[in-house]
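Just below is one structure, and these are the notes that go with it.
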Amino acid sequence: MTDIFEGLNEEQKKGVLATEGPVLILAGAGSGKTRVLTHRVAYLIQKGISPYNIMAITFTNKAAGEMRERIDNMVEFGSEAIWVATFHSSCVRILRRFADHIGYKTNFVIYDADDSKTLMKHVLKKLEIDEKRYSPKMFLNAISNAKNELMDPETFLQGAMGDFNEEKKGQVYREYQEQLRSNNAFDFDDLIMKTVELFKRDGEVLKYYQEKFHYVMVDEYQDTNTAQFELVRLLSGGRRNLCVVGDDDQSIYKFRGANIYNILNFEMHYPDATVIKLEQNYRSTKKILAAANDVIRNNNGRKEKTLWTENDEGEPISLRQFESAFEEAEFVVDDIERKARKNEFSFGQSAVLYRTNAQSRLLEECFIRENVPYRIVGGVNFYSRKEIKDVLAYLKTIDNAVDDIAVQRIINVPKRSIGQTTVNKAVMYADSCGISFYDAICDAENIPGIGSAANKLKGFVLLIQSFQSFLREGKTVPELVKEVIEQTGYVNELRLEGTDEAKGRIENIEELVSKAATYQNDAEEPTLSGFLEEVALVADIDTLDTSLERVTLMTLHSAKGLEFPNVYITGMEDGLFPNEMCMMDESEMEEERRLCYVGITRAKEHLTLTSSRMRMIRGETRFNNISCFVREIDEKNIKGDTYIPKKKPLVDPFDAPPAKESPNAELFKRAKPKNFGTKIEKNPLDYSEGDRVKHAKFGEGTVAMINDGGRDYEVTVDFDSAGTKKMFASFARLVKLN
DNA sequence: CACAGGTCTCTTTTT
DNA sequence: GAGACCTGTG
């Protein structure tokens, strides 16, 4: 075994040594937190702790895989016995064993966001709720939030206190849960919540795990939600050797229920906690780090810490503003090409980050045109592509026909003349008999008013049964996948289409076959359920292979945890980043700022920030100012390159100063905080307190208060239906009524 | 029942 | 600008 403490700094050593009791490691970006975690595990094993008693939880499979690999390199044997897994896969593993203790079968299926949405639509239909007035998304959000807070439908309903909308949400939640159960399915949030429920309801099971896990470690702790907090608390409740690692400045998943107070208040939950701060950064240059600190310093409510580094001074950050998003994309690709040619940074060393997935399209087109190799992380997840979901729905149906959503998805795909009316009749029959949809169509001839469609349903059932017996003959998962796409004529249909799109779909299906083959080879005991499960829990980032010499394109969110020598953050514009939706709320603004901090700290040697004055967003041309985050960076840490507009400046309807053929000085003048932007220049308001106004998103309301906030007016409005909101006048774009 | 063509909404981020 | 959804026609 290698010397565990070699090359660690004092604080890192402390983190490795503090094995007993609760420990909070506040690890700044690039401070070697994964290193501490892996060395800590190695140290535990060296001390004689059985690997079987160690658990490490991460958020992504990629992080879990990397951790295991690094531990494996350090210890001689036993690393495979350590429980290293994501929150979700850990819960699946537990539920596969004990789900029957809480009224589910252990061969449950896992619903992704898409499946949940489909199910929600069924629920709304059943409860006769008008989708137009109440969007499925709204309910799904409410349910997800409730689950993240461990609130079951009954508690939710009690909390509604007669509020009409809350009651409605509660009823939908209840029905949604009932349908999940009858489909023997868990959605993503259930996996965590139901595991906690299992632990709370069944002391024996909890005790089993508490006695198993003597040492529990959690990575990226700042992203945990309340349910995950509770899960961790319970799991580590035996010996209380809980070590959490995280950085409150990198908490960027509030929208997904992450509770930043889990980390901020760790010492309140565990008063005897040892707290260790890792502040030395090994990743970035001094300039990049200084810029990151310049930005994050503007947040309140954070644990005070300042990252420092012994690395080189480095180049100041580059700032570029362009007339259009097209020019911006062109510049980024050209610059990457140029740097690759000069052997400064290879393609694989460069990454392009953006706030929204939609921004990737323009960039992608440029990469293709310039013939620069690239890869995009995220966007449409491989497993959420239509053709993949279709094939998977077949597999789910073959595996467990209890899942109505899967069966209904493919009953008429490819077309076999089973229309909506027939499906509806079967649904009604299933409901009235209290059986599953699949069981209903197995009994097709008894469905009232079914007529000649019965034969078609029978045909479908026979098809599924033939697959099931195919599997029983001992055929493997990849063989089954091939059989399905052949027998159903799915690929054939695509082949006949002959379009590029269809070809792409066929390629994707072939990719799925090879994924099945890989699974068949790698899994200890390959089963169809096992394959479906693995597939349900992969994130886009998991498949990122950084060894390929390609430029990586991804959102700032996906970039967390990664590092690249040469990084571009594009779309540094007010309204885009920080996003318009977040600019009205201080805490959301802080989250955006943390996201910016995450982005900046991905860069090791060179960082370029770009923005465009004009951009199409949702088919609408927008004129944006340079992001306020850029303005927070001290002038000495950033330099605006000479900017020569390629075209005549376009006329800006908001009367922005035209981009001049002038170097830094002019660019900077516009980027200074003083000039908060042209569109948002402080204009006298045409409404005053007491006036009726209209907001694009919140509807109509009454102005309650107007405060002069310096650069802008802060307006408080009581909206008729959206409640009271405080917002900046320039962004709110309130329109006076009457 | 299938398909074509129109309308509507939306996106900020995702395990 | 794209995808989801609806409607009318064959």
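Note on naming: chains are A, B, ... as they come in the structure tokens, residues start from 1 per chain, ligands start from 1 in the order shown.
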
inquiry  = Could you tell me which residues of chain A sit within 10 Å of chain C when counting only C-alpha atoms (C1' of nucleotides), and give me the result as a list in words?
reply    =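 Putting it all together, I get Met616, Ile617, Arg618, Gly619 and Glu620 of chain A.
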
With a cut-off of 10 Å, could you pull out the residues of chain B touching chain A and give me the nearest pair of atoms for each, distance in Å to one decimal, using only C-alpha atoms (C1' of nucleotides), ordered by chain and ascending number, as JSON lines?
{"residue": "B:DC1", "atom": "C1'", "partner": "A:Gly419", "partner_atom": "CA", "distance": 6.2}
{"residue": "B:DA2", "atom": "C1'", "partner": "A:Ser417", "partner_atom": "CA", "distance": 8.6}
{"residue": "B:DC10", "atom": "C1'", "partner": "A:Arg618", "partner_atom": "CA", "distance": 7.8}
{"residue": "B:DT11", "atom": "C1'", "partner": "A:Thr356", "partner_atom": "CA", "distance": 8.0}
{"residue": "B:DT12", "atom": "C1'", "partner": "A:Thr356", "partner_atom": "CA", "distance": 6.0}
{"residue": "B:DT13", "atom": "C1'", "partner": "A:His557", "partner_atom": "CA", "distance": 6.2}
{"residue": "B:DT14", "atom": "C1'", "partner": "A:Arg256", "partner_atom": "CA", "distance": 7.5}
{"residue": "B:DT15", "atom": "C1'", "partner": "A:Phe59", "partner_atom": "CA", "distance": 6.8}

Keeping only N, CA, C and O atoms (P, O5', C5', C4', C3', O3' and C1' of nucleotides), take the residues you just selected and write them out as a PDB file, in the first residue's frame.
ATOM      1  P    DC B   1     -59.739   3.168 -33.268  1.00  0.00           P
ATOM      2  O5'  DC B   1     -59.044   3.380 -34.677  1.00  0.00           O
ATOM      3  C5'  DC B   1     -58.681   2.252 -35.440  1.00  0.00           C
ATOM      4  C4'  DC B   1     -57.813   2.728 -36.566  1.00  0.00           C
ATOM      5  C3'  DC B   1     -56.609   3.545 -36.105  1.00  0.00           C
ATOM      6  O3'  DC B   1     -55.470   3.033 -36.769  1.00  0.00           O
ATOM      7  C1'  DC B   1     -57.889   4.787 -37.692  1.00  0.00           C
ATOM      8  P    DA B   2     -54.047   3.556 -36.448  1.00  0.00           P
ATOM      9  O5'  DA B   2     -53.812   4.565 -37.662  1.00  0.00           O
ATOM     10  C5'  DA B   2     -53.769   4.060 -38.992  1.00  0.00           C
ATOM     11  C4'  DA B   2     -53.447   5.188 -39.938  1.00  0.00           C
ATOM     12  C3'  DA B   2     -52.216   5.999 -39.558  1.00  0.00           C
ATOM     13  O3'  DA B   2     -51.415   6.159 -40.709  1.00  0.00           O
ATOM     14  C1'  DA B   2     -54.081   7.441 -39.795  1.00  0.00           C
ATOM     15  P    DC B  10     -46.605  27.222 -20.850  1.00  0.00           P
ATOM     16  O5'  DC B  10     -45.113  26.720 -20.894  1.00  0.00           O
ATOM     17  C5'  DC B  10     -44.763  25.538 -21.611  1.00  0.00           C
ATOM     18  C4'  DC B  10     -43.411  25.701 -22.248  1.00  0.00           C
ATOM     19  C3'  DC B  10     -42.438  26.544 -21.439  1.00  0.00           C
ATOM     20  O3'  DC B  10     -41.461  25.668 -20.905  1.00  0.00           O
ATOM     21  C1'  DC B  10     -42.273  26.970 -23.778  1.00  0.00           C
ATOM     22  P    DT B  11     -41.385  25.180 -19.426  1.00  0.00           P
ATOM     23  O5'  DT B  11     -40.605  26.451 -18.815  1.00  0.00           O
ATOM     24  C5'  DT B  11     -40.164  27.433 -19.695  1.00  0.00           C
ATOM     25  C4'  DT B  11     -38.650  27.264 -19.858  1.00  0.00           C
ATOM     26  C3'  DT B  11     -38.048  28.329 -20.743  1.00  0.00           C
ATOM     27  O3'  DT B  11     -37.917  29.542 -20.002  1.00  0.00           O
ATOM     28  C1'  DT B  11     -37.088  26.183 -21.185  1.00  0.00           C
ATOM     29  P    DT B  12     -36.739  29.783 -19.253  1.00  0.00           P
ATOM     30  O5'  DT B  12     -35.863  28.430 -19.191  1.00  0.00           O
ATOM     31  C5'  DT B  12     -34.592  28.467 -19.802  1.00  0.00           C
ATOM     32  C4'  DT B  12     -33.552  27.749 -18.974  1.00  0.00           C
ATOM     33  C3'  DT B  12     -33.955  26.319 -18.658  1.00  0.00           C
ATOM     34  O3'  DT B  12     -33.102  25.522 -19.484  1.00  0.00           O
ATOM     35  C1'  DT B  12     -33.126  27.478 -16.714  1.00  0.00           C
ATOM     36  P    DT B  13     -32.807  24.090 -19.485  1.00  0.00           P
ATOM     37  O5'  DT B  13     -31.958  24.061 -18.144  1.00  0.00           O
ATOM     38  C5'  DT B  13     -30.565  23.749 -18.211  1.00  0.00           C
ATOM     39  C4'  DT B  13     -30.002  23.718 -16.823  1.00  0.00           C
ATOM     40  C3'  DT B  13     -30.234  22.390 -16.124  1.00  0.00           C
ATOM     41  O3'  DT B  13     -29.098  21.599 -16.330  1.00  0.00           O
ATOM     42  C1'  DT B  13     -30.639  24.257 -14.681  1.00  0.00           C
ATOM     43  P    DT B  14     -29.225  20.258 -17.182  1.00  0.00           P
ATOM     44  O5'  DT B  14     -29.579  19.211 -16.053  1.00  0.00           O
ATOM     45  C5'  DT B  14     -28.715  19.060 -14.948  1.00  0.00           C
ATOM     46  C4'  DT B  14     -29.245  17.948 -14.091  1.00  0.00           C
ATOM     47  C3'  DT B  14     -29.492  16.637 -14.834  1.00  0.00           C
ATOM     48  O3'  DT B  14     -29.135  15.580 -13.959  1.00  0.00           O
ATOM     49  C1'  DT B  14     -31.499  17.358 -13.866  1.00  0.00           C
ATOM     50  P    DT B  15     -28.585  14.247 -14.604  1.00  0.00           P
ATOM     51  O5'  DT B  15     -28.503  13.348 -13.267  1.00  0.00           O
ATOM     52  C5'  DT B  15     -27.686  13.771 -12.197  1.00  0.00           C
ATOM     53  C4'  DT B  15     -28.235  13.197 -10.908  1.00  0.00           C
ATOM     54  C3'  DT B  15     -28.376  11.673 -10.899  1.00  0.00           C
ATOM     55  O3'  DT B  15     -27.914  11.188  -9.640  1.00  0.00           O
ATOM     56  C1'  DT B  15     -30.442  12.676 -10.362  1.00  0.00           C
TER      57       DT B  15
END

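Omitting Val244 (chain A) and its sequence neighbours fewer than 5 positions away, and counting only C-alpha atoms (C1' of nucleotides), the residues within 9 Å are Pro22, Val23, Leu24, Ile25, Leu26, Val216, Met217, Val218, Asp219, Glu220, Tyr221 and Ile263 of chain A.
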
key: Residue nearest Lys125 (chain A) among A:Val427, A:Arg613, A:Lys105, A:Leu737 (counting only C-alpha atoms)   =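 Closest residue, counting only C-alpha atoms: A:Val427.
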
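Relative to CA of Asn259 (chain A), CA of Thr118 (chain A) is found at 28.0 Å.
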
By how many Å are CA of Lys194 (chain A) and CA of Asp100 (chain A) apart?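 CA of Lys194 (chain A) sits 11.3 Å away from CA of Asp100 (chain A).
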
Which of region 280-326 of chain A DSSP labels strand (DSSP E or B), written as a ChimeraX atom specification
/A:280-281,308-309,317-324

Among A:Val41, A:Leu180, A:Cys442, A:Ala273, Asn73 (chain A) is approached most closely, using only C-alpha atoms, by A:Val41

Query raised in the report: Any idea what's packed within 8 Å of His214 (chain A), counting only C-alpha atoms (C1' of nucleotides), ignoring anything in its chain fewer than 4 positions away? Could you give it as a PyMOL selection string?
Result: chain A and resi 53-54+210+236+238-241

Neighbouring residues of region 462-479 of chain A were defined as those with any atom within 7 Å, considering only C-alpha atoms (C1' of nucleotides); residues of the same chain fewer than 5 positions away were excluded. Please report them as a compact mmCIF listing (two decimals) with all heavy atoms, in the first residue's frame.
# COMPACT_ATOMS: atom_id res chain seq x y z
N ILE A 398 -42.30 -6.69 -21.37
CA ILE A 398 -41.91 -8.09 -21.32
C ILE A 398 -41.53 -8.47 -19.90
O ILE A 398 -41.86 -9.53 -19.40
CB ILE A 398 -40.73 -8.34 -22.28
CG1 ILE A 398 -41.18 -8.08 -23.73
CG2 ILE A 398 -40.19 -9.75 -22.13
CD1 ILE A 398 -40.05 -7.84 -24.70
N VAL A 513 -28.40 -1.70 -28.38
CA VAL A 513 -28.06 -3.12 -28.44
C VAL A 513 -26.65 -3.32 -27.88
O VAL A 513 -26.41 -4.23 -27.09
CB VAL A 513 -28.14 -3.66 -29.89
CG1 VAL A 513 -27.67 -5.11 -29.94
CG2 VAL A 513 -29.56 -3.56 -30.42
N ALA A 516 -26.67 -3.08 -24.21
CA ALA A 516 -27.20 -4.31 -23.63
C ALA A 516 -26.12 -5.39 -23.61
O ALA A 516 -25.98 -6.13 -22.64
CB ALA A 516 -28.42 -4.79 -24.41
N ALA A 517 -25.34 -5.44 -24.68
CA ALA A 517 -24.26 -6.43 -24.76
C ALA A 517 -23.21 -6.16 -23.69
O ALA A 517 -22.73 -7.08 -23.03
CB ALA A 517 -23.62 -6.40 -26.15
N GLN A 520 -24.58 -7.31 -20.49
CA GLN A 520 -24.57 -8.77 -20.42
C GLN A 520 -23.19 -9.29 -20.02
O GLN A 520 -23.06 -10.23 -19.25
CB GLN A 520 -24.98 -9.34 -21.80
CG GLN A 520 -25.16 -10.84 -21.83
CD GLN A 520 -26.48 -11.26 -21.18
OE1 GLN A 520 -27.47 -10.54 -21.22
NE2 GLN A 520 -26.49 -12.44 -20.58
N LEU A 528 -33.03 -9.12 -17.31
CA LEU A 528 -33.70 -8.03 -18.00
C LEU A 528 -34.01 -6.90 -17.03
O LEU A 528 -33.77 -5.72 -17.32
CB LEU A 528 -34.99 -8.55 -18.66
CG LEU A 528 -35.82 -7.53 -19.42
CD1 LEU A 528 -34.98 -6.82 -20.47
CD2 LEU A 528 -37.02 -8.20 -20.07

- Rounded to one decimal place, report the CA of Pro51 (chain A)-CA of Leu231 (chain A) distance in Å.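 For CA of Pro51 (chain A) relative to CA of Leu231 (chain A), the distance reads 20.8 Å.
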
Q) Which polymer residues have any atom within 7 Å of an atom of region 77-85 of chain A, counting only C-alpha atoms (C1' of nucleotides), with same-chain residues fewer than 3 positions away left out, as a ChimeraX atom specification? A) /A:51-52,54-58,61,64,68,71-72,89-90

Written selection (N, CA, C and O atoms) as an mmCIF file, in the first residue's frame:
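The new file again.cif reads:
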data_model
loop_
_atom_site.group_PDB
_atom_site.id
_atom_site.type_symbol
_atom_site.label_atom_id
_atom_site.label_comp_id
_atom_site.auth_asym_id
_atom_site.auth_seq_id
_atom_site.Cartn_x
_atom_site.Cartn_y
_atom_site.Cartn_z
ATOM 1 N N PRO A 51 -13.814 -3.338 4.470
ATOM 2 C CA PRO A 51 -14.406 -2.540 3.377
ATOM 3 C C PRO A 51 -15.932 -2.675 3.347
ATOM 4 O O PRO A 51 -16.630 -1.771 2.921
ATOM 5 N N TYR A 52 -16.411 -3.786 3.817
ATOM 6 C CA TYR A 52 -17.836 -4.084 3.838
ATOM 7 C C TYR A 52 -18.592 -3.102 4.739
ATOM 8 O O TYR A 52 -19.780 -2.867 4.568
ATOM 9 N N ILE A 54 -17.938 0.113 4.972
ATOM 10 C CA ILE A 54 -17.730 1.489 4.522
ATOM 11 C C ILE A 54 -18.708 1.839 3.404
ATOM 12 O O ILE A 54 -18.912 1.054 2.478
ATOM 13 N N MET A 55 -19.290 3.011 3.497
ATOM 14 C CA MET A 55 -20.215 3.470 2.467
ATOM 15 C C MET A 55 -19.829 4.874 2.004
ATOM 16 O O MET A 55 -19.527 5.742 2.817
ATOM 17 N N ALA A 56 -19.840 5.069 0.703
ATOM 18 C CA ALA A 56 -19.594 6.407 0.160
ATOM 19 C C ALA A 56 -20.690 6.727 -0.843
ATOM 20 O O ALA A 56 -20.941 5.947 -1.762
ATOM 21 N N ILE A 57 -21.368 7.848 -0.635
ATOM 22 C CA ILE A 57 -22.480 8.205 -1.511
ATOM 23 C C ILE A 57 -22.123 9.422 -2.354
ATOM 24 O O ILE A 57 -21.585 10.420 -1.848
ATOM 25 N N THR A 58 -22.428 9.346 -3.632
ATOM 26 C CA THR A 58 -22.179 10.464 -4.550
ATOM 27 C C THR A 58 -23.487 10.803 -5.267
ATOM 28 O O THR A 58 -24.507 10.164 -5.038
ATOM 29 N N ASN A 61 -23.118 8.586 -11.196
ATOM 30 C CA ASN A 61 -22.416 7.313 -11.364
ATOM 31 C C ASN A 61 -20.956 7.543 -11.707
ATOM 32 O O ASN A 61 -20.088 6.780 -11.336
ATOM 33 N N ALA A 64 -19.065 8.161 -8.625
ATOM 34 C CA ALA A 64 -18.941 6.908 -7.882
ATOM 35 C C ALA A 64 -17.872 6.027 -8.512
ATOM 36 O O ALA A 64 -17.012 5.480 -7.819
ATOM 37 N N ARG A 68 -14.315 4.800 -6.801
ATOM 38 C CA ARG A 68 -13.950 3.398 -6.628
ATOM 39 C C ARG A 68 -12.617 3.095 -7.302
ATOM 40 O O ARG A 68 -11.760 2.413 -6.742
ATOM 41 N N ILE A 71 -9.779 4.490 -5.217
ATOM 42 C CA ILE A 71 -9.550 3.704 -4.002
ATOM 43 C C ILE A 71 -8.843 2.403 -4.381
ATOM 44 O O ILE A 71 -7.885 1.984 -3.745
ATOM 45 N N ASP A 72 -9.335 1.836 -5.479
ATOM 46 C CA ASP A 72 -8.784 0.582 -5.946
ATOM 47 C C ASP A 72 -7.283 0.689 -6.200
ATOM 48 O O ASP A 72 -6.522 -0.234 -5.933
ATOM 49 N N SER A 89 -29.050 4.963 -6.803
ATOM 50 C CA SER A 89 -28.797 3.527 -6.963
ATOM 51 C C SER A 89 -28.685 2.833 -5.608
ATOM 52 O O SER A 89 -29.055 1.665 -5.489
ATOM 53 N N SER A 90 -28.205 3.542 -4.594
ATOM 54 C CA SER A 90 -28.180 2.947 -3.255
ATOM 55 C C SER A 90 -29.592 2.584 -2.825
ATOM 56 O O SER A 90 -29.850 1.493 -2.304
#
